[in-house]
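J.: Please read through the structure below; I'll follow up with questions.
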Amino acid sequence: MAVVEAEIVGGVGHIVLNRPEALNSLNGAMIEGIRTALDAWRDDDAVTSVLVTSSSPRAFCAGGDIKAIRQAVVDGDHEAGPAYFAAEYDLDELIANYPKPYIAVIEAAAFGGGLGISIHGSIRIVTENAVLAMPETAIGFVPDVGSSYFLSRLPGHVGRYLALTGTRISGSDALALNLATHFCPSDSVESLKADILAGIAVDEVLNRYTTAPSTTELSFDAEAVAAVFEKESLVDIIDALVCDTPWSRTTKTQLATLSPTSLMATDALIARGADSTLRECLDRELRMATWIIAEPDFAEGVRAVLVDKDRAPQWKPLVLEMVRPEAFQQLL
């Protein structure tokens, strides 16, 4: 069975992510399949819009196929990773500039690369079951897929917080932060998709099925985020987390478990992304990704989280103060 199913239904190009056993983690075949469909439909007058959904109830897309990239690194293949990321990031740019409505329906987990193929689209629909995150610092990598563009533009230093900590947010959070454009209750989402594929005008379908979420309160303390993550350096941020609230204690604990090298590189990417175009962000992320997968923390982090799953990575170096930012400064 194809890992990406693509067909035209009711004048809509329908892409179904169909690698459920891997939670739709994007491998090269999936990237190529999505790209091929989008290229074919771009100038096809029979296609009025594109709808992207998942065959898995557990995930829209859990990210890139990082385990395969790690294996290539371990095997000494220095070309596979950069080639994969270049293709993935080019797809993200294609989606961002697509001339027809590109509708992503996020009903479950959308992490890392899953945000690349959704957040850059013109219409991003979430349900109450959606969970979004960029969790790369936990595996010795950096947030990529253009996240240094869209996260750096969030208000109140929220993007810096999400990029560094990998904190998961809800569908209603995503809507409040404009990462999502519409909210659809899960009991209506099948009808929404069916009506789009029946050829009913997208605006009419959105008006019919989307609504405000049951809560508009953010699931994290936005005031505390703004006060802490405005600090100049990572060390200052950690010092400002005085553990006097549950959020402060949780955040300090989160940061203490993550790759110091990843944290430092991520912070630099977010800082530069705020004044850059999407293409500039993607190019910078590609340079950073190519560099960091050759660093020891990447193979170790993926091992600890995705391979052995012992959740006990041994980072090198162990603390922020020992990271040498000059190692990646020229990549920015």
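In the structure tokens, chains take letters A, B, ... by order of appearance, with residues numbered from 1 within each chain and ligands from 1 in the order shown.
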Please provide the set of residues having any atom within 7 Å of A:Leu151, restricted to only C-alpha atoms, with same-chain residues fewer than 4 positions apart removed, written as an MDAnalysis selection string.

T.: chainID A and resid 147 159:160

J.: Those same residues - all heavy atoms - I'd like them written as a compact mmCIF listing (two decimals), in the first residue's frame.

T.:
# COMPACT_ATOMS: atom_id res chain seq x y z
N SER A 147 10.43 26.26 11.12
CA SER A 147 9.90 26.68 12.43
C SER A 147 10.61 27.92 12.96
O SER A 147 10.03 28.67 13.74
CB SER A 147 10.02 25.54 13.44
OG SER A 147 11.37 25.17 13.64
N GLY A 159 7.28 31.51 20.95
CA GLY A 159 7.99 30.66 20.00
C GLY A 159 9.33 30.20 20.52
O GLY A 159 9.73 29.04 20.29
N ARG A 160 10.03 31.09 21.19
CA ARG A 160 11.31 30.71 21.80
C ARG A 160 11.10 29.63 22.84
O ARG A 160 11.85 28.65 22.90
CB ARG A 160 11.96 31.96 22.42
CG ARG A 160 13.40 31.78 22.86
CD ARG A 160 13.89 33.04 23.55
NE ARG A 160 15.33 33.02 23.79
CZ ARG A 160 15.98 33.90 24.57
NH1 ARG A 160 15.29 34.88 25.17
NH2 ARG A 160 17.29 33.81 24.75

J.: Please provide as a PyMOL selection string all residues within 12 Å of stretch 208-217 of chain A, with the sequence filter that same-chain residues fewer than 2 positions apart are discarded (counting only C-alpha atoms).

T.: chain A and resi 105+123-130+169-177+180-196+200-206+219-222

J.: What is the atom CA of A:Gly64-atom CA of A:Pro20 distance in Å, reported with one decimal?

T.: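 Separation of atom CA of A:Gly64 and atom CA of A:Pro20: 13.5 Å.
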
J.: Pick the closest to A:Arg168 from A:Ile139, A:Ala72, A:Val131, A:Ala268: which is it, counting only C-alpha atoms?

T.: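 Using only C-alpha atoms, A:Arg168 sits closest to A:Val131.
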
J.: Once DSSP has gone over the backbone, tell me which residues of stretch 17-234 of chain A are in alpha helix (DSSP H), as a count of residues only.

T.: 88

J.: Go through A:Ala37, A:Ile103, A:Ser54, A:Leu179 one by one, measure the shortest atom-to-atom distance of each to A:Leu115 using only C-alpha atoms, and give the residue with the smallest value.

T.: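 So, comparing all the options, the nearest one is A:Leu179.
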
J.: Compile the contact shell of stretch 14-19 of chain A as a PyMOL selection string: residues with an atom at most 8 Å away, counting only C-alpha atoms, same-chain residues fewer than 5 positions apart removed.

T.: chain A and resi 2-9+24-25+30+34+37+50-56+60-61+197
